[in-house]
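The next block is target.pdb, given as PDB, C-alpha atoms.
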```pdb
ATOM      1  CA  THR A   1     179.774  35.549 124.649  1.00  0.00           C
ATOM      2  CA  LEU A   2     178.714  38.337 127.004  1.00  0.00           C
ATOM      3  CA  VAL A   3     180.101  41.775 126.210  1.00  0.00           C
ATOM      4  CA  SER A   4     180.156  45.075 128.049  1.00  0.00           C
ATOM      5  CA  ILE A   5     179.316  48.181 126.007  1.00  0.00           C
ATOM      6  CA  GLU A   6     180.985  51.114 127.806  1.00  0.00           C
ATOM      7  CA  ASP A   7     178.553  53.763 126.551  1.00  0.00           C
ATOM      8  CA  TRP A   8     175.414  51.698 127.287  1.00  0.00           C
ATOM      9  CA  TYR A   9     174.478  52.000 130.966  1.00  0.00           C
ATOM     10  CA  GLY A  10     178.142  52.618 131.767  1.00  0.00           C
ATOM     11  CA  GLY A  11     179.133  49.097 130.733  1.00  0.00           C
ATOM     12  CA  GLN A  12     177.304  47.685 133.761  1.00  0.00           C
ATOM     13  CA  ILE A  13     174.912  45.509 131.736  1.00  0.00           C
ATOM     14  CA  LEU A  14     176.224  42.640 129.624  1.00  0.00           C
ATOM     15  CA  ALA A  15     174.878  41.950 126.141  1.00  0.00           C
ATOM     16  CA  PRO A  16     174.941  38.471 124.553  1.00  0.00           C
ATOM     17  CA  VAL A  17     176.771  38.192 121.213  1.00  0.00           C
ATOM     18  CA  ASP A  18     177.482  35.126 119.072  1.00  0.00           C
ATOM     19  CA  THR A  19     181.096  34.145 119.832  1.00  0.00           C
ATOM     20  CA  ALA A  20     181.763  33.553 116.120  1.00  0.00           C
ATOM     21  CA  ILE A  21     181.118  37.264 115.485  1.00  0.00           C
ATOM     22  CA  ILE A  22     183.631  38.262 118.163  1.00  0.00           C
ATOM     23  CA  VAL A  23     186.274  35.778 116.944  1.00  0.00           C
ATOM     24  CA  ALA A  24     185.929  37.029 113.351  1.00  0.00           C
ATOM     25  CA  ALA A  25     186.092  40.709 114.352  1.00  0.00           C
ATOM     26  CA  ALA A  26     189.052  40.214 116.703  1.00  0.00           C
ATOM     27  CA  GLY A  27     190.975  38.037 114.247  1.00  0.00           C
ATOM     28  CA  LYS A  28     192.268  35.813 117.021  1.00  0.00           C
ATOM     29  CA  PRO A  29     191.299  32.481 118.565  1.00  0.00           C
ATOM     30  CA  ARG A  30     188.674  32.194 121.267  1.00  0.00           C
ATOM     31  CA  GLN A  31     191.225  31.598 124.049  1.00  0.00           C
ATOM     32  CA  HIS A  32     192.742  35.041 123.375  1.00  0.00           C
ATOM     33  CA  LEU A  33     189.450  36.965 123.581  1.00  0.00           C
ATOM     34  CA  PRO A  34     189.475  38.000 127.257  1.00  0.00           C
ATOM     35  CA  GLU A  35     190.400  41.688 127.573  1.00  0.00           C
ATOM     36  CA  THR A  36     189.969  42.186 123.809  1.00  0.00           C
ATOM     37  CA  LYS A  37     188.654  45.639 122.959  1.00  0.00           C
ATOM     38  CA  LEU A  38     186.447  46.044 119.915  1.00  0.00           C
ATOM     39  CA  TRP A  39     184.548  48.934 118.373  1.00  0.00           C
ATOM     40  CA  VAL A  40     180.899  48.380 117.437  1.00  0.00           C
ATOM     41  CA  MET A  41     177.925  50.420 116.270  1.00  0.00           C
ATOM     42  CA  ALA A  42     175.037  50.217 118.737  1.00  0.00           C
ATOM     43  CA  ARG A  43     171.681  51.805 119.443  1.00  0.00           C
ATOM     44  CA  LEU A  44     172.566  53.324 122.837  1.00  0.00           C
ATOM     45  CA  THR A  45     168.966  54.316 123.536  1.00  0.00           C
ATOM     46  CA  ALA A  46     168.043  50.612 123.657  1.00  0.00           C
ATOM     47  CA  GLN A  47     166.129  49.480 126.721  1.00  0.00           C
ATOM     48  CA  SER A  48     167.328  45.859 126.407  1.00  0.00           C
ATOM     49  CA  ALA A  49     170.375  44.036 125.040  1.00  0.00           C
ATOM     50  CA  GLU A  50     168.269  42.632 122.212  1.00  0.00           C
ATOM     51  CA  ASP A  51     167.480  46.172 121.006  1.00  0.00           C
ATOM     52  CA  LEU A  52     171.129  47.286 120.795  1.00  0.00           C
ATOM     53  CA  ASP A  53     171.326  46.259 117.113  1.00  0.00           C
ATOM     54  CA  LEU A  54     175.093  45.618 117.338  1.00  0.00           C
ATOM     55  CA  ARG A  55     176.855  45.769 113.952  1.00  0.00           C
ATOM     56  CA  GLN A  56     180.088  46.731 112.151  1.00  0.00           C
ATOM     57  CA  TRP A  57     182.466  45.105 114.645  1.00  0.00           C
ATOM     58  CA  ASN A  58     186.134  46.178 114.323  1.00  0.00           C
ATOM     59  CA  THR A  59     189.293  46.015 116.392  1.00  0.00           C
ATOM     60  CA  CYS A  60     190.317  49.162 118.254  1.00  0.00           C
ATOM     61  CA  GLN A  61     193.351  50.601 116.482  1.00  0.00           C
ATOM     62  CA  GLY A  62     196.385  51.528 118.531  1.00  0.00           C
ATOM     63  CA  VAL A  63     195.185  49.697 121.644  1.00  0.00           C
ATOM     64  CA  ASP A  64     196.949  46.686 123.139  1.00  0.00           C
ATOM     65  CA  SER A  65     193.830  44.551 123.341  1.00  0.00           C
ATOM     66  CA  ARG A  66     195.380  41.464 124.918  1.00  0.00           C
ATOM     67  CA  ALA A  67     196.370  41.088 128.538  1.00  0.00           C
ATOM     68  CA  ALA A  68     200.060  40.346 129.117  1.00  0.00           C
TER      69      ALA A  68
END
```

In structure tokens, how does this file's structure come out?
Amino acid sequence: TLVSIEDWYGGQILAPVDTAIIVAAAGKPRQHLPETKLWVMARLTAQSAEDLDLRQWNTCQGVDSRAA
């Protein structure tokens, strides 16, 4: 899965993430992942997606994370 990290280059660069990690963090099936918003720890000074060191994925509380 390719994800956009808002605070890393303004979300303009996509980072690859294992889909199983996203499914587990979101708590919903793969087909419901588009428009899902998650919180993640990242190294925002990273120069490449591989250096982001993404960890501690969680759902965003109080946000409707699924498109209608």

How big is the axis-aligned box, and where does its centre sit, when it encloses all atoms of range 28-39 of chain A listed in the file and has 3 Å added on every side, reported in Å to one decimal as lines of an AutoDock Vina configuration file?
```
center_x = 188.6
center_y = 40.3
center_z = 122.3
size_x = 14.2
size_y = 23.3
size_z = 16.6
```

- [ ] Check what the PyMOL selection byres ((chain A and resi 46-51) around 9) selects in the file above and give those residues as a count of residues only.
- [x] 12

TODO: Grab the CA of Gly10 in chain A to CA of Thr59 in chain A distance for me, in Å with one decimal place.
DONE: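 Answer for the CA of Gly10 in chain A to CA of Thr59 in chain A separation: 20.1 Å.
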
List the residues sitting within 7 Å of (187.8, 47.7, 124.1) in the file's frame, using only C-alpha atoms, as a PDB file with C-alpha atoms, keeping the file's coordinate frame.
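So result_12.pdb came out as:
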```
ATOM      1  CA  THR A  36     189.969  42.186 123.809  1.00  0.00           C
ATOM      2  CA  LYS A  37     188.654  45.639 122.959  1.00  0.00           C
ATOM      3  CA  LEU A  38     186.447  46.044 119.915  1.00  0.00           C
ATOM      4  CA  TRP A  39     184.548  48.934 118.373  1.00  0.00           C
ATOM      5  CA  CYS A  60     190.317  49.162 118.254  1.00  0.00           C
ATOM      6  CA  SER A  65     193.830  44.551 123.341  1.00  0.00           C
TER       7      SER A  65
END
```

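Across the model, the gap from CA of Ser4 in chain A to CA of Gln31 in chain A is 17.9 Å.
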
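The set of residues that the PyMOL selection byres ((chain A and resi 18-22) around 9) takes from this file is Thr1, Leu2, Pro16, Val17, Val23, Ala24, Ala25, Ala26, Gly27, Arg30, Leu33, Leu38 and Trp57 of chain A.
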